[in-house]
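**Student:** Once you've had a glance at the structure underneath, I'll fire off some questions.
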Amino acid sequence: MRRATYQRGCLRSITRKNGTTVWEYRWRELQQDGIVKRRAVIVGTLADYKTESSAQAAADALRLTINHRSTQQLIRDVSVEKLVNHYRQHELPLIFCKKEKGSPSDDEQRKSYATQDTYEGYLRKWILPRWKRYSLSDVKAVEVEAWLKTLPLARGTRAKIRNIMSALYSHAIRWEWAERNPITSVRQSAKRERVPEILTVQELVELLGAIPEPFRTAVFLDGSSGLRVGELLGLKWQDVDFDHNLIHIRRSVVKQRIGPPKTEASQKPIPMDPELANSLWLWKQETPYRAPADWVYASPAKKGKQPYWPNSIYRVYIKPAAERIGITKSIGWHTFRHTFGTLLNANSENPKVIQELLRHANLRVTMDTYVQAVSDEKRNAQKKVVRMLLPGIGRNMT
C-alpha cells in the first residue's frame, strides 16, 4: 500500500448550470486497496467568499480533516486560524455551513443557534485578530492571561473568551492535532462587576402603561413569566392553551432562525394566570394572524411569515417609553426576566418553585424524567406577580 502523504489539494472557481459561481476544492484520496480516487467538495459560493484568499482560508478546515492522520511535523504547522475554521465547520454548522445539509456536527451535541452565533462573534472580533497567525504549540497560558487583562470587557465576557479558546484546544486534542490544552492554566475570574439592573414594581407598572399594544402585552407576558425573548417571539397560537391556562415552550427564534429552546429544562410548560390569559386572548382577537400556526407576535411587515425582531420592538417602543417616564436604568429584554425572578424571591416563594418557573437547569438537582404538571404552588406564585403588574396593563386593549 502506498504511503499516505499530506494533501494540499487545489481550489478553483466553477460556474454551475444555474449560473451560480462556486469554489470547488479538489484532492486525491488513498483508498485501503491502494487505489487513489479524486474527490471534490463545494466550499461555498462566490457571494460567500469574494476572494480566493478567503476561500482558501475556508478550505484549510477541509485540509485538516483530509490530513488528520498526517505526520506530527505537519500537525505542528496547524495555525489557530486553521483550527478555528475547522471548529466552525464541525461545531458551528448553523453559522459556518449556513443552509447546507448534512453538516458534520452531531445533532445530539450541537449547540443552539444562539450559542453558535455568540461563539462566532467572539471568534471573529477578539480571538482571530490576536491569535490567528500563531501555531497551536506557540500559544502560551501566561501570554493569553496577560492579553485577556488588556481587553476592555467585563470579567464575565473575558471568561467566555477564555472558555471558547479552551474549547478550540479540546477540539484540536480530539482530532489529535495537539497533546495538551494550555488554556486550562489561564486564570480569569468570571465574577460579576455589577449586579444586573432590575425594575421596581412601580417602574414596571408605569412602563407597561406607556407601551402601546401589542408590545404592552408582550412585556406583560415577559415580566410575569420570565420568558427569554427568543422564546417569547417564538410563540405560536398553537402553543397557548387557553383551556388549561398553559403556555408550551417549543421553539426559540434568534435572528429569525428557528431552533429548539435553550435547554431541556427550558421546554417545560409555564402557567398562565387568568388575567394574563385574558390579555393574550384580547390580542388574539385583534391580530389578523390568529391561526394556530401563526406567530403570536407576527410582523405585519413580513405579512405574518416572521415574528417581530426583538431589537426593533425595544428600540421603537420600549426604550422611548422608558425615557418618557424617567427610567434611567440600563435595561433590555433580559431585564424583565431578572425582574420576574427578583419579584418571586421578594414574595418569599420556594426556591425550587422559582427555579422551575424560570426553567433553569441545575446539575446538582436530579431532574424529573416524567412530564411535569404545573403545580398550584407555581400558579399562585405567578398570580402574585401578575396582580402587581395589572395597573400597568389594564383590562382593555387600547
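Labeling convention for the C-alpha cells: chains A, B, ... as they appear, residues from 1 per chain, ligands from 1 in order of appearance.
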Residues near Lys255 in chain A, anyone? I mean within 9 Å using only C-alpha atoms, not counting same-chain ones fewer than 5 positions away, as JSON, numbers by chain.
**Tutor:** {"A": [114, 230, 309, 310]}
**Student:** Pull C-alpha atoms from the residues just selected and write them as a short mmCIF file (atom, residue, chain, number, x, y, z; two decimals), in the first residue's frame.
**Tutor:**
```cif
data_model
loop_
_atom_site.label_atom_id
_atom_site.label_comp_id
_atom_site.auth_asym_id
_atom_site.auth_seq_id
_atom_site.Cartn_x
_atom_site.Cartn_y
_atom_site.Cartn_z
CA ALA A 114 -27.93 31.47 19.68
CA GLY A 230 -36.31 34.20 21.74
CA TRP A 309 -37.35 41.49 15.58
CA PRO A 310 -36.71 41.97 19.33
#
```
**Student:** Tell me, as an MDAnalysis selection string, which residues lie within 12 Å of Leu123 in chain A, counting only C-alpha atoms; anything in the same chain fewer than 2 positions away does not count.
**Tutor:** chainID A and resid 80:81 83:85 87:88 92 116:121 125:132 160:165 167:168
**Student:** Atoms to include: N, CA and C atoms. Write the selected residues as a compact mmCIF listing (two decimals), in the first residue's frame.
**Tutor:**
```
# COMPACT_ATOMS: atom_id res chain seq x y z
N VAL A 80 -3.81 28.69 14.54
CA VAL A 80 -5.07 28.93 15.23
C VAL A 80 -6.17 29.24 14.23
N GLU A 81 -5.83 29.97 13.17
CA GLU A 81 -6.83 30.31 12.15
C GLU A 81 -7.39 29.05 11.48
N LEU A 83 -7.40 26.04 12.76
CA LEU A 83 -8.19 25.33 13.76
C LEU A 83 -9.57 25.94 13.91
N VAL A 84 -9.63 27.27 13.92
CA VAL A 84 -10.92 27.96 14.07
C VAL A 84 -11.84 27.61 12.90
N ASN A 85 -11.31 27.61 11.70
CA ASN A 85 -12.14 27.27 10.54
C ASN A 85 -12.65 25.84 10.61
N TYR A 87 -13.08 24.16 13.43
CA TYR A 87 -14.03 24.16 14.55
C TYR A 87 -15.38 24.72 14.09
N ARG A 88 -15.36 25.78 13.30
CA ARG A 88 -16.59 26.35 12.77
C ARG A 88 -17.37 25.31 11.97
N LEU A 92 -19.95 24.67 14.68
CA LEU A 92 -20.85 25.80 14.44
C LEU A 92 -21.48 25.67 13.05
N GLN A 116 -24.14 29.28 18.99
CA GLN A 116 -23.22 29.27 17.86
C GLN A 116 -22.96 30.70 17.37
N ASP A 117 -24.01 31.49 17.32
CA ASP A 117 -23.88 32.88 16.88
C ASP A 117 -22.99 33.67 17.85
N THR A 118 -23.16 33.43 19.15
CA THR A 118 -22.33 34.10 20.15
C THR A 118 -20.86 33.69 20.01
N TYR A 119 -20.61 32.40 19.85
CA TYR A 119 -19.25 31.92 19.68
C TYR A 119 -18.60 32.55 18.46
N GLU A 120 -19.34 32.60 17.35
CA GLU A 120 -18.80 33.17 16.12
C GLU A 120 -18.41 34.63 16.32
N GLY A 121 -19.23 35.37 17.08
CA GLY A 121 -18.91 36.77 17.35
C GLY A 121 -17.60 36.92 18.10
N LYS A 125 -14.33 38.70 16.40
CA LYS A 125 -13.98 40.03 16.91
C LYS A 125 -12.75 40.04 17.81
N TRP A 126 -12.52 38.97 18.58
CA TRP A 126 -11.47 39.01 19.59
C TRP A 126 -10.37 37.97 19.38
N ILE A 127 -10.74 36.72 19.19
CA ILE A 127 -9.73 35.66 19.18
C ILE A 127 -8.89 35.66 17.91
N LEU A 128 -9.55 35.69 16.74
CA LEU A 128 -8.79 35.62 15.49
C LEU A 128 -7.88 36.83 15.27
N PRO A 129 -8.32 38.07 15.51
CA PRO A 129 -7.42 39.20 15.28
C PRO A 129 -6.10 39.10 16.06
N ARG A 130 -6.14 38.48 17.23
CA ARG A 130 -4.93 38.41 18.07
C ARG A 130 -4.11 37.13 17.82
N TRP A 131 -4.77 36.00 17.57
CA TRP A 131 -4.06 34.73 17.61
C TRP A 131 -4.02 33.95 16.30
N LYS A 132 -4.62 34.44 15.24
CA LYS A 132 -4.78 33.61 14.05
C LYS A 132 -3.46 33.18 13.42
N LYS A 160 -15.67 34.14 29.10
CA LYS A 160 -16.27 33.43 27.97
C LYS A 160 -15.25 33.26 26.85
N ILE A 161 -14.45 34.29 26.59
CA ILE A 161 -13.42 34.19 25.55
C ILE A 161 -12.41 33.11 25.93
N ARG A 162 -12.01 33.09 27.21
CA ARG A 162 -11.10 32.04 27.67
C ARG A 162 -11.71 30.66 27.45
N ASN A 163 -12.99 30.50 27.78
CA ASN A 163 -13.63 29.19 27.64
C ASN A 163 -13.74 28.76 26.18
N ILE A 164 -13.95 29.71 25.27
CA ILE A 164 -14.03 29.37 23.85
C ILE A 164 -12.65 28.94 23.35
N MET A 165 -11.61 29.63 23.79
CA MET A 165 -10.26 29.22 23.40
C MET A 165 -9.95 27.82 23.93
N ALA A 167 -12.18 25.51 24.42
CA ALA A 167 -12.95 24.60 23.57
C ALA A 167 -12.24 24.33 22.25
N LEU A 168 -11.57 25.36 21.72
CA LEU A 168 -10.80 25.17 20.48
C LEU A 168 -9.71 24.12 20.68
```
**Student:** How many Å separate CA of Ile325 in chain A from CA of Gly226 in chain A?
**Tutor:**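 Atom-to-atom, CA of Ile325 in chain A to CA of Gly226 in chain A, that is 22.9 Å.
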**Student:** Can you tell me, as a PDB file with C-alpha atoms, in the first residue's frame, what residues are no more than 7 Å from Asn181 in chain A when counting only C-alpha atoms, ignoring any on the same chain fewer than 2 positions away?
**Tutor:**
```pdb
ATOM      1  CA  SER A 166     -10.218  26.191  25.695  1.00  0.00           C
ATOM      2  CA  TYR A 169      -7.926  23.260  22.053  1.00  0.00           C
ATOM      3  CA  SER A 170     -10.225  20.483  23.215  1.00  0.00           C
ATOM      4  CA  ILE A 183      -5.781  27.414  28.242  1.00  0.00           C
ATOM      5  CA  THR A 184      -6.592  25.260  31.279  1.00  0.00           C
TER       6      THR A 184
END
```
**Student:** In Å, rounded to a single decimal, give me how far CA of Phe215 in chain A is from CA of Ser330 in chain A.
**Tutor:**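 CA of Phe215 in chain A lies at a distance of 19.1 Å from CA of Ser330 in chain A.
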**Student:** Which residues are near Glu349 in chain A? Cut-off 12 Å, only C-alpha atoms, ignore same chain within fewer than 3 positions. Put them as a list in words.
**Tutor:**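 Residues meeting the cut-off are Phe340, Gly341, Thr342, Leu343, Leu344, Asn345, Ala346, Lys352, Val353, Ile354, Gln355, Glu356, Leu357, Glu377, Lys378, Arg379, Asn380, Ala381, Gln382, Lys383, Lys384 and Val385 of chain A.
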**Student:** Keeping C-alpha atoms, export the residues of the selection given above as a CSV table (one decimal), in the first residue's frame.
**Tutor:**
```
chain,number,residue,atom,x,y,z
A,340,PHE,CA,-39.5,38.4,37.5
A,341,GLY,CA,-37.1,36.3,39.5
A,342,THR,CA,-36.5,39.1,41.9
A,343,LEU,CA,-40.2,39.7,42.5
A,344,LEU,CA,-40.7,36.0,43.1
A,345,ASN,CA,-37.9,36.0,45.7
A,346,ALA,CA,-39.2,39.2,47.3
A,352,LYS,CA,-37.5,25.3,43.8
A,353,VAL,CA,-40.6,27.0,42.5
A,354,ILE,CA,-38.6,30.0,41.3
A,355,GLN,CA,-36.1,27.6,39.6
A,356,GLU,CA,-38.9,25.8,37.8
A,357,LEU,CA,-40.7,29.0,36.8
A,377,GLU,CA,-47.8,26.4,44.1
A,378,LYS,CA,-46.3,27.7,40.8
A,379,ARG,CA,-49.7,29.1,39.7
A,380,ASN,CA,-50.1,31.0,43.0
A,381,ALA,CA,-46.5,32.3,42.8
A,382,GLN,CA,-47.1,33.7,39.3
A,383,LYS,CA,-50.5,35.1,40.3
A,384,LYS,CA,-49.0,37.4,42.8
A,385,VAL,CA,-46.6,38.9,40.2
```
**Student:** To one decimal place, how far is CA of Pro300 in chain A from CA of Pro214 in chain A in Å?
**Tutor:**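 We find that CA of Pro300 in chain A and CA of Pro214 in chain A lie 12.0 Å from each other.
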**Student:** Nearest residue to Arg387 in chain A out of A:Val316, A:Ala291, A:Val201, A:Ala265, using only C-alpha atoms?
**Tutor:** A:Val201
